[in-house]
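Listing of start_30.cif; format and content: mmCIF, N, CA and C atoms.
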data_upload
#
loop_
_atom_site.label_atom_id
_atom_site.label_comp_id
_atom_site.auth_asym_id
_atom_site.auth_seq_id
_atom_site.Cartn_x
_atom_site.Cartn_y
_atom_site.Cartn_z
N MET A 1 -16.69 -42.78 26.08
CA MET A 1 -17.47 -41.69 25.55
C MET A 1 -16.51 -40.65 24.97
N THR A 2 -16.81 -40.20 23.79
CA THR A 2 -15.98 -39.19 23.14
C THR A 2 -16.63 -37.83 23.28
N ALA A 3 -15.80 -36.84 23.44
CA ALA A 3 -16.30 -35.47 23.56
C ALA A 3 -16.66 -34.96 22.18
N PRO A 4 -17.78 -34.24 22.08
CA PRO A 4 -18.14 -33.68 20.77
C PRO A 4 -17.10 -32.64 20.34
N THR A 5 -16.78 -32.68 19.08
CA THR A 5 -15.80 -31.72 18.55
C THR A 5 -16.53 -30.68 17.72
N SER A 6 -16.10 -29.49 17.85
CA SER A 6 -16.69 -28.43 17.04
C SER A 6 -15.77 -28.17 15.86
N PRO A 7 -16.33 -27.69 14.78
CA PRO A 7 -15.48 -27.42 13.61
C PRO A 7 -14.49 -26.30 13.91
N ARG A 8 -13.36 -26.38 13.24
CA ARG A 8 -12.35 -25.33 13.42
C ARG A 8 -12.85 -24.02 12.83
N ILE A 9 -12.34 -22.93 13.36
CA ILE A 9 -12.81 -21.61 12.93
C ILE A 9 -12.48 -21.34 11.46
N ASP A 10 -11.38 -21.88 10.96
CA ASP A 10 -11.03 -21.63 9.56
C ASP A 10 -11.93 -22.38 8.60
N GLN A 11 -12.79 -23.25 9.11
CA GLN A 11 -13.75 -23.96 8.28
C GLN A 11 -15.16 -23.34 8.36
N HIS A 12 -15.29 -22.25 9.11
CA HIS A 12 -16.58 -21.58 9.25
C HIS A 12 -17.03 -21.06 7.88
N PRO A 13 -18.30 -21.17 7.55
CA PRO A 13 -18.77 -20.73 6.22
C PRO A 13 -18.50 -19.25 5.93
N ASP A 14 -18.61 -18.41 6.94
CA ASP A 14 -18.34 -16.98 6.71
C ASP A 14 -16.88 -16.73 6.38
N ILE A 15 -15.99 -17.42 7.06
CA ILE A 15 -14.55 -17.28 6.79
C ILE A 15 -14.24 -17.79 5.39
N MET A 16 -14.83 -18.90 5.03
CA MET A 16 -14.61 -19.47 3.69
C MET A 16 -15.12 -18.50 2.61
N ALA A 17 -16.28 -17.88 2.85
CA ALA A 17 -16.83 -16.93 1.89
C ALA A 17 -15.95 -15.68 1.79
N LEU A 18 -15.43 -15.22 2.92
CA LEU A 18 -14.54 -14.06 2.91
C LEU A 18 -13.27 -14.35 2.12
N ARG A 19 -12.70 -15.52 2.33
CA ARG A 19 -11.50 -15.88 1.58
C ARG A 19 -11.78 -16.00 0.10
N ALA A 20 -12.90 -16.59 -0.26
CA ALA A 20 -13.25 -16.71 -1.68
C ALA A 20 -13.45 -15.33 -2.30
N HIS A 21 -14.11 -14.44 -1.56
CA HIS A 21 -14.33 -13.07 -2.05
C HIS A 21 -13.00 -12.34 -2.22
N SER A 22 -12.10 -12.50 -1.26
CA SER A 22 -10.80 -11.83 -1.33
C SER A 22 -9.98 -12.36 -2.49
N GLU A 23 -10.01 -13.66 -2.70
CA GLU A 23 -9.27 -14.24 -3.81
C GLU A 23 -9.84 -13.78 -5.15
N GLU A 24 -11.17 -13.69 -5.23
CA GLU A 24 -11.83 -13.19 -6.42
C GLU A 24 -11.42 -11.75 -6.71
N THR A 25 -11.37 -10.96 -5.65
CA THR A 25 -11.05 -9.54 -5.78
C THR A 25 -9.63 -9.32 -6.28
N THR A 26 -8.68 -10.04 -5.74
CA THR A 26 -7.27 -9.81 -6.11
C THR A 26 -6.85 -10.57 -7.35
N ALA A 27 -7.70 -11.44 -7.87
CA ALA A 27 -7.34 -12.22 -9.05
C ALA A 27 -7.60 -11.47 -10.35
N THR A 28 -8.27 -10.33 -10.28
CA THR A 28 -8.57 -9.59 -11.50
C THR A 28 -7.30 -8.91 -12.02
N PRO A 29 -7.20 -8.75 -13.33
CA PRO A 29 -6.02 -8.06 -13.88
C PRO A 29 -5.88 -6.63 -13.38
N ALA A 30 -6.99 -5.95 -13.18
CA ALA A 30 -6.93 -4.55 -12.70
C ALA A 30 -6.33 -4.51 -11.30
N ALA A 31 -6.75 -5.41 -10.42
CA ALA A 31 -6.22 -5.43 -9.06
C ALA A 31 -4.74 -5.77 -9.06
N GLN A 32 -4.33 -6.69 -9.90
CA GLN A 32 -2.92 -7.06 -9.98
C GLN A 32 -2.09 -5.90 -10.54
N ALA A 33 -2.65 -5.17 -11.50
CA ALA A 33 -1.93 -4.02 -12.06
C ALA A 33 -1.77 -2.92 -11.02
N VAL A 34 -2.82 -2.66 -10.24
CA VAL A 34 -2.74 -1.63 -9.21
C VAL A 34 -1.71 -2.03 -8.15
N GLU A 35 -1.72 -3.29 -7.76
CA GLU A 35 -0.75 -3.75 -6.77
C GLU A 35 0.68 -3.64 -7.30
N ALA A 36 0.89 -4.01 -8.56
CA ALA A 36 2.23 -3.92 -9.16
C ALA A 36 2.68 -2.47 -9.23
N LEU A 37 1.78 -1.56 -9.61
CA LEU A 37 2.13 -0.14 -9.67
C LEU A 37 2.46 0.39 -8.28
N ALA A 38 1.72 -0.06 -7.28
CA ALA A 38 1.98 0.38 -5.90
C ALA A 38 3.34 -0.11 -5.42
N VAL A 39 3.68 -1.36 -5.71
CA VAL A 39 5.00 -1.88 -5.32
C VAL A 39 6.10 -1.10 -6.04
N LEU A 40 5.90 -0.81 -7.32
CA LEU A 40 6.90 -0.02 -8.06
C LEU A 40 7.04 1.38 -7.48
N CYS A 41 5.94 1.97 -7.01
CA CYS A 41 6.02 3.28 -6.35
C CYS A 41 6.91 3.20 -5.12
N GLY A 42 6.73 2.15 -4.33
CA GLY A 42 7.55 1.98 -3.13
C GLY A 42 9.02 1.78 -3.46
N VAL A 43 9.29 0.97 -4.47
CA VAL A 43 10.69 0.73 -4.87
C VAL A 43 11.31 2.02 -5.41
N TYR A 44 10.56 2.75 -6.23
CA TYR A 44 11.08 4.02 -6.75
C TYR A 44 11.32 5.01 -5.62
N LEU A 45 10.38 5.10 -4.68
CA LEU A 45 10.56 6.03 -3.56
C LEU A 45 11.81 5.69 -2.77
N ALA A 46 12.07 4.41 -2.56
CA ALA A 46 13.26 4.00 -1.82
C ALA A 46 14.54 4.35 -2.57
N ALA A 47 14.51 4.24 -3.88
CA ALA A 47 15.72 4.49 -4.68
C ALA A 47 15.80 5.91 -5.23
N SER A 48 14.77 6.71 -5.06
CA SER A 48 14.71 8.04 -5.67
C SER A 48 15.85 8.98 -5.30
N PRO A 49 16.38 8.96 -4.07
CA PRO A 49 17.49 9.88 -3.80
C PRO A 49 18.69 9.64 -4.72
N TRP A 50 18.92 8.40 -5.11
CA TRP A 50 20.06 8.09 -5.97
C TRP A 50 19.69 8.19 -7.44
N ILE A 51 18.42 7.99 -7.77
CA ILE A 51 17.98 8.13 -9.16
C ILE A 51 17.90 9.60 -9.55
N VAL A 52 17.29 10.40 -8.70
CA VAL A 52 17.09 11.83 -8.99
C VAL A 52 18.33 12.64 -8.66
N GLY A 53 19.07 12.21 -7.65
CA GLY A 53 20.32 12.89 -7.33
C GLY A 53 20.28 13.80 -6.13
N PHE A 54 19.42 13.55 -5.18
CA PHE A 54 19.42 14.36 -3.97
C PHE A 54 19.88 13.55 -2.76
N ASN A 55 20.77 12.58 -3.00
CA ASN A 55 21.26 11.75 -1.90
C ASN A 55 22.20 12.52 -0.97
N GLY A 56 22.59 13.72 -1.34
CA GLY A 56 23.39 14.57 -0.47
C GLY A 56 22.59 15.09 0.72
N PHE A 57 21.28 15.12 0.58
CA PHE A 57 20.40 15.52 1.69
C PHE A 57 20.09 14.24 2.48
N THR A 58 20.98 13.90 3.40
CA THR A 58 20.95 12.60 4.07
C THR A 58 19.63 12.32 4.76
N THR A 59 19.08 13.28 5.46
CA THR A 59 17.84 13.05 6.20
C THR A 59 16.70 12.71 5.25
N LEU A 60 16.58 13.45 4.17
CA LEU A 60 15.53 13.19 3.20
C LEU A 60 15.76 11.86 2.47
N ALA A 61 17.01 11.57 2.16
CA ALA A 61 17.33 10.32 1.47
C ALA A 61 16.99 9.11 2.34
N ILE A 62 17.34 9.15 3.60
CA ILE A 62 17.05 8.04 4.51
C ILE A 62 15.54 7.93 4.73
N ASN A 63 14.86 9.05 4.86
CA ASN A 63 13.41 9.04 5.00
C ASN A 63 12.76 8.37 3.80
N ASN A 64 13.18 8.74 2.59
CA ASN A 64 12.61 8.14 1.39
C ASN A 64 12.91 6.65 1.32
N LEU A 65 14.11 6.26 1.72
CA LEU A 65 14.47 4.85 1.70
C LEU A 65 13.56 4.06 2.65
N ILE A 66 13.40 4.53 3.87
CA ILE A 66 12.57 3.83 4.86
C ILE A 66 11.10 3.82 4.44
N CYS A 67 10.58 4.96 4.02
CA CYS A 67 9.18 5.02 3.60
C CYS A 67 8.92 4.18 2.36
N GLY A 68 9.85 4.18 1.43
CA GLY A 68 9.69 3.38 0.21
C GLY A 68 9.65 1.89 0.49
N VAL A 69 10.56 1.43 1.34
CA VAL A 69 10.58 0.01 1.70
C VAL A 69 9.30 -0.35 2.47
N ALA A 70 8.89 0.51 3.39
CA ALA A 70 7.67 0.25 4.17
C ALA A 70 6.44 0.21 3.26
N PHE A 71 6.36 1.15 2.33
CA PHE A 71 5.21 1.19 1.41
C PHE A 71 5.18 -0.06 0.54
N ALA A 72 6.32 -0.45 -0.01
CA ALA A 72 6.38 -1.64 -0.86
C ALA A 72 6.01 -2.89 -0.07
N CYS A 73 6.45 -2.98 1.17
CA CYS A 73 6.10 -4.15 2.00
C CYS A 73 4.61 -4.17 2.34
N LEU A 74 4.05 -3.00 2.65
CA LEU A 74 2.63 -2.94 2.97
C LEU A 74 1.77 -3.38 1.79
N VAL A 75 2.02 -2.81 0.63
CA VAL A 75 1.17 -3.13 -0.52
C VAL A 75 1.53 -4.46 -1.15
N GLY A 76 2.72 -4.96 -0.90
CA GLY A 76 3.12 -6.25 -1.45
C GLY A 76 2.38 -7.41 -0.82
N GLY A 77 1.81 -7.22 0.35
CA GLY A 77 1.08 -8.28 1.02
C GLY A 77 -0.36 -8.42 0.56
N PHE A 78 -0.85 -7.50 -0.26
CA PHE A 78 -2.24 -7.55 -0.66
C PHE A 78 -2.56 -8.74 -1.56
N GLY A 79 -1.69 -9.05 -2.49
CA GLY A 79 -1.96 -10.15 -3.41
C GLY A 79 -2.12 -11.49 -2.73
N PRO A 80 -1.12 -11.92 -1.96
CA PRO A 80 -1.24 -13.25 -1.36
C PRO A 80 -2.17 -13.35 -0.15
N ALA A 81 -2.46 -12.25 0.51
CA ALA A 81 -3.27 -12.34 1.74
C ALA A 81 -4.18 -11.13 1.87
N TYR A 82 -4.98 -10.85 0.87
CA TYR A 82 -5.81 -9.65 0.87
C TYR A 82 -6.80 -9.65 2.03
N GLU A 83 -7.35 -10.82 2.38
CA GLU A 83 -8.36 -10.85 3.43
C GLU A 83 -7.81 -10.43 4.78
N ARG A 84 -6.48 -10.56 4.97
CA ARG A 84 -5.88 -10.17 6.24
C ARG A 84 -5.16 -8.83 6.17
N THR A 85 -4.91 -8.31 4.98
CA THR A 85 -4.09 -7.11 4.87
C THR A 85 -4.79 -5.91 4.24
N HIS A 86 -6.03 -6.05 3.79
CA HIS A 86 -6.66 -4.94 3.07
C HIS A 86 -6.79 -3.69 3.92
N SER A 87 -6.92 -3.82 5.22
CA SER A 87 -7.05 -2.63 6.06
C SER A 87 -5.74 -1.86 6.17
N MET A 88 -4.62 -2.49 5.82
CA MET A 88 -3.34 -1.79 5.87
C MET A 88 -3.18 -0.78 4.73
N SER A 89 -4.11 -0.79 3.78
CA SER A 89 -4.01 0.20 2.71
C SER A 89 -4.16 1.61 3.25
N TRP A 90 -4.80 1.77 4.40
CA TRP A 90 -4.90 3.10 5.01
C TRP A 90 -3.55 3.54 5.56
N ALA A 91 -2.77 2.60 6.06
CA ALA A 91 -1.41 2.94 6.49
C ALA A 91 -0.56 3.31 5.28
N ALA A 92 -0.76 2.60 4.17
CA ALA A 92 -0.05 2.94 2.94
C ALA A 92 -0.44 4.34 2.46
N LEU A 93 -1.71 4.68 2.62
CA LEU A 93 -2.16 6.03 2.26
C LEU A 93 -1.47 7.07 3.14
N GLY A 94 -1.33 6.79 4.42
CA GLY A 94 -0.62 7.70 5.31
C GLY A 94 0.83 7.89 4.90
N LEU A 95 1.50 6.81 4.52
CA LEU A 95 2.88 6.93 4.04
C LEU A 95 2.95 7.74 2.75
N ALA A 96 1.97 7.56 1.88
CA ALA A 96 1.95 8.31 0.62
C ALA A 96 1.76 9.80 0.88
N LEU A 97 0.87 10.14 1.80
CA LEU A 97 0.68 11.55 2.13
C LEU A 97 1.92 12.13 2.79
N TRP A 98 2.58 11.35 3.63
CA TRP A 98 3.82 11.79 4.26
C TRP A 98 4.88 12.06 3.19
N THR A 99 4.91 11.23 2.16
CA THR A 99 5.88 11.39 1.07
C THR A 99 5.73 12.75 0.40
N ILE A 100 4.50 13.20 0.25
CA ILE A 100 4.26 14.48 -0.42
C ILE A 100 4.81 15.65 0.40
N VAL A 101 4.63 15.63 1.71
CA VAL A 101 5.05 16.77 2.54
C VAL A 101 6.48 16.64 3.06
N THR A 102 7.09 15.51 2.89
CA THR A 102 8.43 15.27 3.44
C THR A 102 9.49 16.30 3.05
N PRO A 103 9.59 16.71 1.78
CA PRO A 103 10.67 17.66 1.46
C PRO A 103 10.64 18.93 2.29
N TRP A 104 9.46 19.39 2.66
CA TRP A 104 9.37 20.62 3.44
C TRP A 104 9.56 20.35 4.93
N VAL A 105 9.09 19.21 5.40
CA VAL A 105 9.16 18.91 6.83
C VAL A 105 10.55 18.43 7.23
N VAL A 106 11.12 17.53 6.46
CA VAL A 106 12.39 16.90 6.82
C VAL A 106 13.58 17.72 6.37
N ALA A 107 13.53 18.24 5.15
CA ALA A 107 14.69 18.92 4.60
C ALA A 107 14.78 20.38 5.02
N GLY A 108 13.74 20.91 5.61
CA GLY A 108 13.78 22.32 6.02
C GLY A 108 13.60 23.24 4.84
N ASN A 109 14.67 23.89 4.42
CA ASN A 109 14.61 24.80 3.29
C ASN A 109 14.67 23.99 2.00
N ALA A 110 13.52 23.60 1.50
CA ALA A 110 13.44 22.73 0.33
C ALA A 110 13.51 23.48 -0.99
N ALA A 111 13.66 24.78 -0.95
CA ALA A 111 13.70 25.56 -2.19
C ALA A 111 14.89 25.18 -3.06
N PHE A 112 15.93 24.65 -2.44
CA PHE A 112 17.14 24.31 -3.19
C PHE A 112 17.13 22.89 -3.74
N ILE A 113 16.10 22.14 -3.43
CA ILE A 113 16.07 20.75 -3.89
C ILE A 113 14.80 20.48 -4.70
N THR A 114 14.61 21.25 -5.77
CA THR A 114 13.44 21.12 -6.62
C THR A 114 13.26 19.71 -7.17
N PRO A 115 14.32 19.00 -7.60
CA PRO A 115 14.10 17.63 -8.07
C PRO A 115 13.50 16.72 -7.00
N ALA A 116 13.89 16.91 -5.76
CA ALA A 116 13.35 16.11 -4.67
C ALA A 116 11.87 16.42 -4.46
N ILE A 117 11.52 17.69 -4.54
CA ILE A 117 10.12 18.08 -4.37
C ILE A 117 9.27 17.47 -5.47
N VAL A 118 9.69 17.62 -6.70
CA VAL A 118 8.92 17.09 -7.83
C VAL A 118 8.81 15.57 -7.72
N SER A 119 9.91 14.91 -7.43
CA SER A 119 9.91 13.46 -7.32
C SER A 119 8.98 12.99 -6.22
N ASN A 120 9.09 13.58 -5.04
CA ASN A 120 8.26 13.15 -3.91
C ASN A 120 6.79 13.45 -4.14
N VAL A 121 6.48 14.61 -4.70
CA VAL A 121 5.07 14.95 -4.92
C VAL A 121 4.45 14.01 -5.96
N VAL A 122 5.15 13.77 -7.05
CA VAL A 122 4.59 12.90 -8.09
C VAL A 122 4.42 11.47 -7.59
N VAL A 123 5.47 10.91 -6.98
CA VAL A 123 5.35 9.53 -6.48
C VAL A 123 4.36 9.47 -5.32
N GLY A 124 4.24 10.52 -4.54
CA GLY A 124 3.27 10.55 -3.46
C GLY A 124 1.84 10.55 -3.97
N ILE A 125 1.58 11.30 -5.01
CA ILE A 125 0.23 11.33 -5.60
C ILE A 125 -0.12 9.97 -6.21
N VAL A 126 0.81 9.39 -6.95
CA VAL A 126 0.56 8.06 -7.53
C VAL A 126 0.36 7.02 -6.43
N ALA A 127 1.16 7.11 -5.38
CA ALA A 127 1.02 6.17 -4.26
C ALA A 127 -0.32 6.36 -3.55
N CYS A 128 -0.77 7.61 -3.39
CA CYS A 128 -2.08 7.87 -2.79
C CYS A 128 -3.19 7.23 -3.63
N LEU A 129 -3.11 7.41 -4.93
CA LEU A 129 -4.14 6.85 -5.81
C LEU A 129 -4.14 5.32 -5.77
N THR A 130 -2.96 4.72 -5.76
CA THR A 130 -2.91 3.26 -5.70
C THR A 130 -3.39 2.74 -4.35
N ALA A 131 -3.04 3.42 -3.27
CA ALA A 131 -3.50 3.00 -1.94
C ALA A 131 -5.02 3.11 -1.83
N LEU A 132 -5.58 4.18 -2.36
CA LEU A 132 -7.05 4.32 -2.36
C LEU A 132 -7.70 3.25 -3.23
N ALA A 133 -7.09 2.95 -4.37
CA ALA A 133 -7.63 1.90 -5.24
C ALA A 133 -7.58 0.55 -4.55
N LEU A 134 -6.49 0.27 -3.85
CA LEU A 134 -6.39 -1.00 -3.12
C LEU A 134 -7.39 -1.06 -1.98
N ALA A 135 -7.62 0.06 -1.32
CA ALA A 135 -8.60 0.09 -0.23
C ALA A 135 -10.01 -0.12 -0.76
N GLY A 136 -10.26 0.35 -1.96
CA GLY A 136 -11.60 0.25 -2.53
C GLY A 136 -11.89 -1.04 -3.27
N LEU A 137 -10.90 -1.91 -3.41
CA LEU A 137 -11.13 -3.15 -4.16
C LEU A 137 -12.27 -3.97 -3.59
N GLY A 138 -12.21 -4.28 -2.33
CA GLY A 138 -13.25 -5.09 -1.71
C GLY A 138 -14.57 -4.37 -1.57
N VAL A 139 -14.52 -3.07 -1.34
CA VAL A 139 -15.73 -2.29 -1.15
C VAL A 139 -16.55 -2.26 -2.43
N ASN A 140 -15.91 -1.99 -3.56
CA ASN A 140 -16.64 -1.93 -4.82
C ASN A 140 -17.24 -3.27 -5.19
N ARG A 141 -16.51 -4.34 -4.95
CA ARG A 141 -17.00 -5.68 -5.27
C ARG A 141 -18.23 -6.00 -4.43
N GLY A 142 -18.20 -5.64 -3.15
CA GLY A 142 -19.31 -5.92 -2.27
C GLY A 142 -20.57 -5.14 -2.66
N ARG A 143 -20.42 -3.96 -3.16
CA ARG A 143 -21.58 -3.14 -3.54
C ARG A 143 -22.24 -3.64 -4.81
N ARG A 144 -21.47 -4.24 -5.71
CA ARG A 144 -22.04 -4.74 -6.94
C ARG A 144 -23.01 -5.90 -6.69
N ARG A 145 -22.79 -6.63 -5.63
CA ARG A 145 -23.65 -7.78 -5.33
C ARG A 145 -25.04 -7.34 -4.89
N LEU A 146 -25.14 -6.17 -4.31
CA LEU A 146 -26.43 -5.71 -3.78
C LEU A 146 -27.30 -5.30 -4.89
#
Could you take the file, read its structure, and then write that structure out as structure tokens?
Amino acid sequence: MTAPTSPRIDQHPDIMALRAHSEETTATPAAQAVEALAVLCGVYLAASPWIVGFNGFTTLAINNLICGVAFACLVGGFGPAYERTHSMSWAALGLALWTIVTPWVVAGNAAFITPAIVSNVVVGIVACLTALALAGLGVNRGRRRL
């Protein structure tokens, strides 16, 4: 006598539909453009102390390097595995908001590092917008079906 086997969880119809929806969502040119812009924001944030020239402020430079790499890694996972990583866009939003306030929090007297302030605020705003756009990809698609 053989024991009855149940189907594997990855073959469940709801899981299959979720994966198809996620692949549909990230396959659009707009979604790919937003993801590419978000990854570029992370790379720029990581390299900004040396591009803009405030690498003498070691604490701020290291903070930007770590946050930039973390942001790029977070948003870089959306394309290949959106169904498992879309909720991390809120963490990316947190990093983007942190980027905006970092010059004042980390560097202390930020009045002397105007290029760092401008760079962090601009890249932080762009990163916030891209993180919100990535978070809204699946939500907007789901609402159109109704």
Near-Ala38 of chain A list (6.5 Å; only N, CA and C atoms; drop same-chain fewer than 4 positions) as a PDB file with N, CA and C atoms, in the frame of the given file:
ATOM      1  N   ALA A  33      -2.650  -5.170 -11.500  1.00  0.00           N
ATOM      2  CA  ALA A  33      -1.930  -4.020 -12.060  1.00  0.00           C
ATOM      3  C   ALA A  33      -1.770  -2.920 -11.020  1.00  0.00           C
ATOM      4  N   VAL A  34      -2.820  -2.660 -10.240  1.00  0.00           N
ATOM      5  CA  VAL A  34      -2.740  -1.630  -9.210  1.00  0.00           C
ATOM      6  C   VAL A  34      -1.710  -2.030  -8.150  1.00  0.00           C
ATOM      7  N   GLY A  42       6.730   2.150  -4.330  1.00  0.00           N
ATOM      8  CA  GLY A  42       7.550   1.980  -3.130  1.00  0.00           C
ATOM      9  C   GLY A  42       9.020   1.780  -3.460  1.00  0.00           C
ATOM     10  N   VAL A  43       9.290   0.970  -4.470  1.00  0.00           N
ATOM     11  CA  VAL A  43      10.690   0.730  -4.870  1.00  0.00           C
ATOM     12  C   VAL A  43      11.310   2.020  -5.410  1.00  0.00           C
ATOM     13  N   PHE A  71       6.360   1.150   2.330  1.00  0.00           N
ATOM     14  CA  PHE A  71       5.210   1.190   1.410  1.00  0.00           C
ATOM     15  C   PHE A  71       5.180  -0.060   0.540  1.00  0.00           C
ATOM     16  N   ALA A  72       6.320  -0.450  -0.010  1.00  0.00           N
ATOM     17  CA  ALA A  72       6.380  -1.640  -0.860  1.00  0.00           C
ATOM     18  C   ALA A  72       6.010  -2.890  -0.070  1.00  0.00           C
ATOM     19  N   VAL A  75       2.020  -2.810   0.630  1.00  0.00           N
ATOM     20  CA  VAL A  75       1.170  -3.130  -0.520  1.00  0.00           C
ATOM     21  C   VAL A  75       1.530  -4.460  -1.150  1.00  0.00           C
ATOM     22  N   ALA A 127       1.160   7.110  -5.380  1.00  0.00           N
ATOM     23  CA  ALA A 127       1.020   6.170  -4.260  1.00  0.00           C
ATOM     24  C   ALA A 127      -0.320   6.360  -3.550  1.00  0.00           C
ATOM     25  N   THR A 130      -2.960   4.720  -5.760  1.00  0.00           N
ATOM     26  CA  THR A 130      -2.910   3.260  -5.700  1.00  0.00           C
ATOM     27  C   THR A 130      -3.390   2.740  -4.350  1.00  0.00           C
ATOM     28  N   ALA A 131      -3.040   3.420  -3.270  1.00  0.00           N
ATOM     29  CA  ALA A 131      -3.500   3.000  -1.940  1.00  0.00           C
ATOM     30  C   ALA A 131      -5.020   3.110  -1.830  1.00  0.00           C
TER      31      ALA A 131
END
Let me know the residues the PyMOL selection byres (((chain A and resi 132 and name CA) around 12) and name CA) catches in the file above, as a compact mmCIF listing (two decimals) with N, CA and C atoms, in the coordinates of the input.
# COMPACT_ATOMS: atom_id res chain seq x y z
N ALA A 31 -6.75 -5.41 -10.42
CA ALA A 31 -6.22 -5.43 -9.06
C ALA A 31 -4.74 -5.77 -9.06
N VAL A 34 -2.82 -2.66 -10.24
CA VAL A 34 -2.74 -1.63 -9.21
C VAL A 34 -1.71 -2.03 -8.15
N GLU A 35 -1.72 -3.29 -7.76
CA GLU A 35 -0.75 -3.75 -6.77
C GLU A 35 0.68 -3.64 -7.30
N ALA A 38 1.72 -0.06 -7.28
CA ALA A 38 1.98 0.38 -5.90
C ALA A 38 3.34 -0.11 -5.42
N VAL A 75 2.02 -2.81 0.63
CA VAL A 75 1.17 -3.13 -0.52
C VAL A 75 1.53 -4.46 -1.15
N HIS A 86 -6.03 -6.05 3.79
CA HIS A 86 -6.66 -4.94 3.07
C HIS A 86 -6.79 -3.69 3.92
N SER A 87 -6.92 -3.82 5.22
CA SER A 87 -7.05 -2.63 6.06
C SER A 87 -5.74 -1.86 6.17
N MET A 88 -4.62 -2.49 5.82
CA MET A 88 -3.34 -1.79 5.87
C MET A 88 -3.18 -0.78 4.73
N SER A 89 -4.11 -0.79 3.78
CA SER A 89 -4.01 0.20 2.71
C SER A 89 -4.16 1.61 3.25
N TRP A 90 -4.80 1.77 4.40
CA TRP A 90 -4.90 3.10 5.01
C TRP A 90 -3.55 3.54 5.56
N ALA A 91 -2.77 2.60 6.06
CA ALA A 91 -1.41 2.94 6.49
C ALA A 91 -0.56 3.31 5.28
N ALA A 92 -0.76 2.60 4.17
CA ALA A 92 -0.05 2.94 2.94
C ALA A 92 -0.44 4.34 2.46
N LEU A 93 -1.71 4.68 2.62
CA LEU A 93 -2.16 6.03 2.26
C LEU A 93 -1.47 7.07 3.14
N GLY A 94 -1.33 6.79 4.42
CA GLY A 94 -0.62 7.70 5.31
C GLY A 94 0.83 7.89 4.90
N ALA A 96 1.97 7.56 1.88
CA ALA A 96 1.95 8.31 0.62
C ALA A 96 1.76 9.80 0.88
N LEU A 97 0.87 10.14 1.80
CA LEU A 97 0.68 11.55 2.13
C LEU A 97 1.92 12.13 2.79
N ILE A 125 1.58 11.30 -5.01
CA ILE A 125 0.23 11.33 -5.60
C ILE A 125 -0.12 9.97 -6.21
N VAL A 126 0.81 9.39 -6.95
CA VAL A 126 0.56 8.06 -7.53
C VAL A 126 0.36 7.02 -6.43
N ALA A 127 1.16 7.11 -5.38
CA ALA A 127 1.02 6.17 -4.26
C ALA A 127 -0.32 6.36 -3.55
N CYS A 128 -0.77 7.61 -3.39
CA CYS A 128 -2.08 7.87 -2.79
C CYS A 128 -3.19 7.23 -3.63
N LEU A 129 -3.11 7.41 -4.93
CA LEU A 129 -4.14 6.85 -5.81
C LEU A 129 -4.14 5.32 -5.77
N THR A 130 -2.96 4.72 -5.76
CA THR A 130 -2.91 3.26 -5.70
C THR A 130 -3.39 2.74 -4.35
N ALA A 131 -3.04 3.42 -3.27
CA ALA A 131 -3.50 3.00 -1.94
C ALA A 131 -5.02 3.11 -1.83
N ALA A 133 -7.09 2.95 -4.37
CA ALA A 133 -7.63 1.90 -5.24
C ALA A 133 -7.58 0.55 -4.55
N LEU A 134 -6.49 0.27 -3.85
CA LEU A 134 -6.39 -1.00 -3.12
C LEU A 134 -7.39 -1.06 -1.98
N ALA A 135 -7.62 0.06 -1.32
CA ALA A 135 -8.60 0.09 -0.23
C ALA A 135 -10.01 -0.12 -0.76
N GLY A 136 -10.26 0.35 -1.96
CA GLY A 136 -11.60 0.25 -2.53
C GLY A 136 -11.89 -1.04 -3.27
N LEU A 137 -10.90 -1.91 -3.41
CA LEU A 137 -11.13 -3.15 -4.16
C LEU A 137 -12.27 -3.97 -3.59
N GLY A 138 -12.21 -4.28 -2.33
CA GLY A 138 -13.25 -5.09 -1.71
C GLY A 138 -14.57 -4.37 -1.57
N VAL A 139 -14.52 -3.07 -1.34
CA VAL A 139 -15.73 -2.29 -1.15
C VAL A 139 -16.55 -2.26 -2.43
N ASN A 140 -15.91 -1.99 -3.56
CA ASN A 140 -16.64 -1.93 -4.82
C ASN A 140 -17.24 -3.27 -5.19
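Rounded to one decimal, atom C of Asn64 of chain A and atom N of Pro29 of chain A lie 29.3 Å from each other.
Atom pair atom CA of Thr102 of chain A / atom CA of Thr59 of chain A: separated by 10.1 Å.
Across the model, the gap from atom CA of Leu40 of chain A to atom CA of Val52 of chain A is 15.7 Å.
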Please provide as a ChimeraX atom specification all residues within 8 Å of Ile117 of chain A, with the sequence filter that same-chain residues fewer than 4 positions apart are discarded (counting all atoms listed in the file). /A:100,102-104,110,112-113,121-123
Same residues, N, CA and C atoms, saved as a short mmCIF file (atom, residue, chain, number, x, y, z; two decimals), keeping the file's coordinate frame:
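The result, stored in result_38.cif:
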data_model
loop_
_atom_site.label_atom_id
_atom_site.label_comp_id
_atom_site.auth_asym_id
_atom_site.auth_seq_id
_atom_site.Cartn_x
_atom_site.Cartn_y
_atom_site.Cartn_z
N ILE A 100 4.50 13.20 0.25
CA ILE A 100 4.26 14.48 -0.42
C ILE A 100 4.81 15.65 0.40
N THR A 102 7.09 15.51 2.89
CA THR A 102 8.43 15.27 3.44
C THR A 102 9.49 16.30 3.05
N PRO A 103 9.59 16.71 1.78
CA PRO A 103 10.67 17.66 1.46
C PRO A 103 10.64 18.93 2.29
N TRP A 104 9.46 19.39 2.66
CA TRP A 104 9.37 20.62 3.44
C TRP A 104 9.56 20.35 4.93
N ALA A 110 13.52 23.60 1.50
CA ALA A 110 13.44 22.73 0.33
C ALA A 110 13.51 23.48 -0.99
N PHE A 112 15.93 24.65 -2.44
CA PHE A 112 17.14 24.31 -3.19
C PHE A 112 17.13 22.89 -3.74
N ILE A 113 16.10 22.14 -3.43
CA ILE A 113 16.07 20.75 -3.89
C ILE A 113 14.80 20.48 -4.70
N VAL A 121 6.48 14.61 -4.70
CA VAL A 121 5.07 14.95 -4.92
C VAL A 121 4.45 14.01 -5.96
N VAL A 122 5.15 13.77 -7.05
CA VAL A 122 4.59 12.90 -8.09
C VAL A 122 4.42 11.47 -7.59
N VAL A 123 5.47 10.91 -6.98
CA VAL A 123 5.35 9.53 -6.48
C VAL A 123 4.36 9.47 -5.32
#
